[in-house]
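**Student:** Here it is, the structure in full.
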Amino acid sequence: LLHMKNPDRSIVNVYGCADAGILGFETPLSIFLRRHAQKNKELHRELFGEAQNLPGIFQYNPGHVFFEESRGELILTVSTAAPLVRYNIHDIGKVFSYKEVLRILKKYHLATRTKGYGLAAWHMPFVIVKGRTDVAVTFYALNIFPEHIRAGIEDHAASKFLSGNFFAYNKTTNHSRVQKLYMNFELAPGVKPNKAIAQTIRKTITEKLLKLNMEFRKLHSILGEKALPLIVLKE
(Lines give C-alpha, C1' and ligand atoms only; values in the text may rest on other atoms or scores of the structure.)
Protein backbone atom coordinates (compact mmCIF):
# COMPACT_ATOMS: atom_id res chain seq x y z
CA LEU A 1 0.00 0.00 0.00
CA LEU A 2 2.93 2.34 0.66
CA HIS A 3 4.54 1.50 -2.72
CA MET A 4 7.89 0.69 -1.11
CA LYS A 5 10.57 -1.09 -3.12
CA ASN A 6 11.52 -3.54 -0.37
CA PRO A 7 8.69 -3.61 2.19
CA ASP A 8 9.88 -6.92 3.69
CA ARG A 9 13.16 -5.22 4.65
CA SER A 10 11.61 -1.89 5.66
CA ILE A 11 8.55 -2.91 7.72
CA VAL A 12 8.31 -5.67 10.32
CA ASN A 13 5.60 -6.83 12.69
CA VAL A 14 6.49 -7.24 16.33
CA TYR A 15 4.82 -9.60 18.78
CA GLY A 16 4.27 -8.40 22.32
CA CYS A 17 1.85 -7.80 25.14
CA ALA A 18 1.30 -5.17 27.81
CA ASP A 19 2.37 -7.61 30.52
CA ALA A 20 5.82 -8.42 29.12
CA GLY A 21 6.64 -5.93 26.36
CA ILE A 22 8.16 -7.12 23.07
CA LEU A 23 8.40 -10.90 22.85
CA GLY A 24 9.33 -11.55 19.23
CA PHE A 25 9.75 -9.87 15.87
CA GLU A 26 9.65 -10.63 12.19
CA THR A 27 12.92 -11.13 10.34
CA PRO A 28 13.59 -11.42 6.58
CA LEU A 29 13.73 -15.17 7.22
CA SER A 30 10.35 -15.37 9.01
CA ILE A 31 8.72 -13.16 6.36
CA PHE A 32 10.09 -15.42 3.61
CA LEU A 33 8.73 -18.49 5.38
CA ARG A 34 5.28 -16.95 5.96
CA ARG A 35 4.95 -15.87 2.33
CA HIS A 36 5.83 -19.32 1.05
CA ALA A 37 3.39 -20.92 3.48
CA GLN A 38 0.70 -18.75 1.90
CA LYS A 39 1.50 -20.31 -1.49
CA ASN A 40 2.19 -23.90 -0.39
CA LYS A 41 -0.68 -25.75 1.34
CA GLU A 42 1.55 -28.53 2.70
CA LEU A 43 4.03 -26.06 4.18
CA HIS A 44 1.10 -24.05 5.62
CA ARG A 45 -0.26 -27.19 7.30
CA GLU A 46 3.15 -28.15 8.71
CA LEU A 47 3.72 -24.72 10.24
CA PHE A 48 0.20 -23.59 11.13
CA GLY A 49 -1.88 -26.77 11.31
CA GLU A 50 -5.46 -26.32 10.13
CA ALA A 51 -5.60 -22.54 10.74
CA GLN A 52 -7.73 -20.97 7.99
CA ASN A 53 -6.29 -17.48 8.33
CA LEU A 54 -2.57 -16.75 7.97
CA PRO A 55 -0.99 -16.72 11.47
CA GLY A 56 1.98 -14.58 12.45
CA ILE A 57 5.44 -16.12 12.55
CA PHE A 58 8.17 -14.48 14.60
CA GLN A 59 11.65 -15.20 15.86
CA TYR A 60 12.57 -14.50 19.46
CA ASN A 61 15.59 -14.23 21.71
CA PRO A 62 15.53 -17.23 24.12
CA GLY A 63 17.84 -15.29 26.44
CA HIS A 64 15.02 -12.80 26.95
CA VAL A 65 11.88 -14.93 26.89
CA PHE A 66 11.22 -18.67 27.21
CA PHE A 67 8.17 -20.06 25.37
CA GLU A 68 6.35 -23.33 26.03
CA GLU A 69 3.20 -24.87 24.58
CA SER A 70 0.37 -26.09 26.77
CA ARG A 71 -2.90 -27.36 25.27
CA GLY A 72 -2.34 -25.29 22.15
CA GLU A 73 -1.60 -22.09 24.07
CA LEU A 74 1.70 -20.23 24.48
CA ILE A 75 3.14 -20.07 27.99
CA LEU A 76 5.93 -17.54 28.57
CA THR A 77 8.58 -16.96 31.20
CA VAL A 78 10.31 -13.60 31.13
CA SER A 79 12.32 -11.45 33.54
CA THR A 80 10.44 -8.17 33.90
CA ALA A 81 10.08 -5.75 36.83
CA ALA A 82 7.64 -8.33 38.19
CA PRO A 83 9.02 -11.64 36.84
CA LEU A 84 6.48 -13.74 34.94
CA VAL A 85 6.87 -17.50 35.33
CA ARG A 86 4.88 -19.85 33.06
CA TYR A 87 2.53 -16.97 32.36
CA ASN A 88 -0.46 -17.57 30.07
CA ILE A 89 -1.83 -14.67 28.01
CA HIS A 90 -4.08 -17.15 26.13
CA ASP A 91 -2.43 -16.76 22.76
CA ILE A 92 -2.92 -19.79 20.53
CA GLY A 93 0.32 -20.87 18.93
CA LYS A 94 3.26 -23.17 18.47
CA VAL A 95 7.02 -23.09 19.08
CA PHE A 96 9.65 -24.29 16.61
CA SER A 97 13.37 -24.56 17.30
CA TYR A 98 15.79 -23.25 14.68
CA LYS A 99 16.76 -26.86 13.87
CA GLU A 100 13.11 -27.82 13.30
CA VAL A 101 12.61 -24.92 10.89
CA LEU A 102 15.85 -25.77 9.10
CA ARG A 103 14.55 -29.33 8.64
CA ILE A 104 11.29 -27.98 7.21
CA LEU A 105 13.16 -25.66 4.84
CA LYS A 106 15.23 -28.58 3.56
CA LYS A 107 12.13 -30.76 3.20
CA TYR A 108 10.52 -28.17 0.90
CA HIS A 109 13.80 -27.38 -0.92
CA LEU A 110 13.88 -23.82 0.40
CA ALA A 111 17.10 -23.89 2.45
CA THR A 112 19.33 -22.67 -0.39
CA ARG A 113 16.96 -19.81 -1.23
CA THR A 114 16.80 -18.62 2.37
CA LYS A 115 20.54 -17.98 2.56
CA GLY A 116 19.85 -14.57 1.05
CA TYR A 117 17.27 -13.93 3.76
CA GLY A 118 19.57 -14.42 6.72
CA LEU A 119 19.34 -18.17 7.35
CA ALA A 120 22.70 -18.07 9.13
CA ALA A 121 22.28 -14.63 10.72
CA TRP A 122 18.89 -15.15 12.37
CA HIS A 123 19.87 -18.25 14.35
CA MET A 124 16.92 -18.12 16.77
CA PRO A 125 13.77 -20.15 17.52
CA PHE A 126 10.37 -19.34 16.03
CA VAL A 127 6.97 -18.78 17.57
CA ILE A 128 3.70 -19.08 15.65
CA VAL A 129 0.83 -16.88 16.85
CA LYS A 130 -2.65 -17.81 15.66
CA GLY A 131 -4.87 -15.64 17.85
CA ARG A 132 -6.48 -15.61 21.29
CA THR A 133 -8.69 -18.09 23.11
CA ASP A 134 -10.26 -15.57 25.50
CA VAL A 135 -11.23 -12.78 23.09
CA ALA A 136 -14.41 -13.48 21.16
CA VAL A 137 -18.03 -12.42 20.84
CA THR A 138 -20.55 -15.10 21.73
CA PHE A 139 -23.43 -15.20 19.26
CA TYR A 140 -26.02 -17.99 19.53
CA ALA A 141 -23.43 -20.05 21.48
CA LEU A 142 -20.75 -19.76 18.79
CA ASN A 143 -17.57 -17.68 18.98
CA ILE A 144 -16.80 -14.86 16.54
CA PHE A 145 -13.06 -14.19 16.78
CA PRO A 146 -11.37 -10.83 16.05
CA GLU A 147 -9.17 -12.37 13.36
CA HIS A 148 -12.26 -13.45 11.40
CA ILE A 149 -13.60 -9.88 11.46
CA ARG A 150 -10.18 -8.46 10.63
CA ALA A 151 -9.92 -10.78 7.62
CA GLY A 152 -13.09 -9.16 6.31
CA ILE A 153 -11.95 -5.57 6.70
CA GLU A 154 -8.53 -6.31 5.22
CA ASP A 155 -10.29 -6.81 1.89
CA HIS A 156 -9.37 -3.81 -0.28
CA ALA A 157 -13.04 -3.12 -1.00
CA ALA A 158 -13.54 -2.35 2.71
CA SER A 159 -10.09 -1.37 4.04
CA LYS A 160 -9.94 1.92 2.09
CA PHE A 161 -12.85 3.26 4.15
CA LEU A 162 -11.64 2.20 7.62
CA SER A 163 -9.02 3.07 10.23
CA GLY A 164 -8.74 -0.57 11.37
CA ASN A 165 -10.27 -0.02 14.82
CA PHE A 166 -13.42 -1.98 15.62
CA PHE A 167 -15.34 -3.78 18.33
CA ALA A 168 -18.18 -6.27 18.22
CA TYR A 169 -20.90 -7.15 20.70
CA ASN A 170 -24.10 -9.14 21.04
CA LYS A 171 -27.50 -7.72 22.01
CA THR A 172 -30.42 -9.86 23.06
CA THR A 173 -34.12 -9.02 22.76
CA ASN A 174 -37.43 -10.76 23.39
CA HIS A 175 -36.31 -12.12 26.78
CA SER A 176 -32.94 -13.30 25.39
CA ARG A 177 -34.54 -15.43 22.67
CA VAL A 178 -33.39 -13.22 19.78
CA GLN A 179 -29.77 -12.18 19.40
CA LYS A 180 -28.23 -9.54 17.14
CA LEU A 181 -24.56 -9.26 16.30
CA TYR A 182 -23.32 -5.65 16.13
CA MET A 183 -19.97 -4.55 14.74
CA ASN A 184 -18.77 -0.97 15.21
CA PHE A 185 -16.08 0.32 12.85
CA GLU A 186 -14.09 3.53 12.96
CA LEU A 187 -13.91 5.22 9.57
CA ALA A 188 -10.68 6.52 8.08
CA PRO A 189 -10.06 10.29 8.40
CA GLY A 190 -12.30 12.27 6.08
CA VAL A 191 -14.68 9.38 5.33
CA LYS A 192 -18.36 9.99 6.07
CA PRO A 193 -20.70 7.14 7.00
CA ASN A 194 -23.22 6.01 4.40
CA LYS A 195 -25.28 2.91 3.56
CA ALA A 196 -23.10 1.90 0.60
CA ILE A 197 -19.98 1.66 2.78
CA ALA A 198 -21.87 -0.26 5.47
CA GLN A 199 -23.18 -2.72 2.87
CA THR A 200 -19.68 -3.23 1.43
CA ILE A 201 -18.21 -3.96 4.86
CA ARG A 202 -21.08 -6.28 5.74
CA LYS A 203 -20.53 -8.19 2.48
CA THR A 204 -16.75 -8.69 2.94
CA ILE A 205 -17.11 -9.70 6.61
CA THR A 206 -19.94 -12.13 5.86
CA GLU A 207 -17.87 -13.75 3.09
CA LYS A 208 -14.92 -14.27 5.47
CA LEU A 209 -17.10 -15.53 8.31
CA LEU A 210 -18.71 -18.09 6.00
CA LYS A 211 -15.27 -19.18 4.80
CA LEU A 212 -13.37 -19.21 8.11
CA ASN A 213 -15.97 -20.00 10.77
CA MET A 214 -17.63 -23.41 10.37
CA GLU A 215 -20.10 -22.75 13.22
CA PHE A 216 -21.19 -19.44 11.66
CA ARG A 217 -21.64 -21.20 8.33
CA LYS A 218 -24.03 -23.67 9.97
CA LEU A 219 -25.88 -20.89 11.83
CA HIS A 220 -26.29 -18.93 8.59
CA SER A 221 -27.78 -21.98 6.86
CA ILE A 222 -30.44 -22.06 9.59
CA LEU A 223 -31.13 -18.36 10.25
CA GLY A 224 -30.22 -16.81 6.90
CA GLU A 225 -30.22 -12.99 6.99
CA LYS A 226 -30.84 -12.98 10.76
CA ALA A 227 -27.31 -14.33 11.29
CA LEU A 228 -25.63 -11.45 9.47
CA PRO A 229 -23.88 -8.69 11.44
CA LEU A 230 -25.33 -5.22 11.81
CA ILE A 231 -22.71 -2.64 10.83
CA VAL A 232 -22.33 0.64 12.74
CA LEU A 233 -19.93 3.25 11.30
CA LYS A 234 -18.25 5.84 13.53
CA GLU A 235 -16.37 8.95 12.42
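Quick note on naming: the chains in the C-alpha coordinates go A, B, ... in the order shown, residues restart at 1 in each chain, and ligands are numbered from 1 in order of appearance.
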Write down as a PyMOL selection string the residues of stretch 26-185 of chain A whose backbone DSSP state falls under strand (DSSP E or B).
**Tutor:** chain A and resi 56-59+65-70+73-78+84-96+126-132+137-139+142-144+162-173+178-185
**Student:** Just the residues within 12 Å of A:Ile104, please, counting only C-alpha atoms, with nothing from its chain fewer than 4 positions along; format it as a ChimeraX atom specification.
**Tutor:** /A:33,36-37,42-47,96-100,108-111,114
**Student:** Mind giving me the straight-line distance from atom CA of A:Leu219 to atom CA of A:Thr173 in Å, one decimal?
**Tutor:**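 So the two atoms, atom CA of A:Leu219 and atom CA of A:Thr173, lie 18.1 Å apart.
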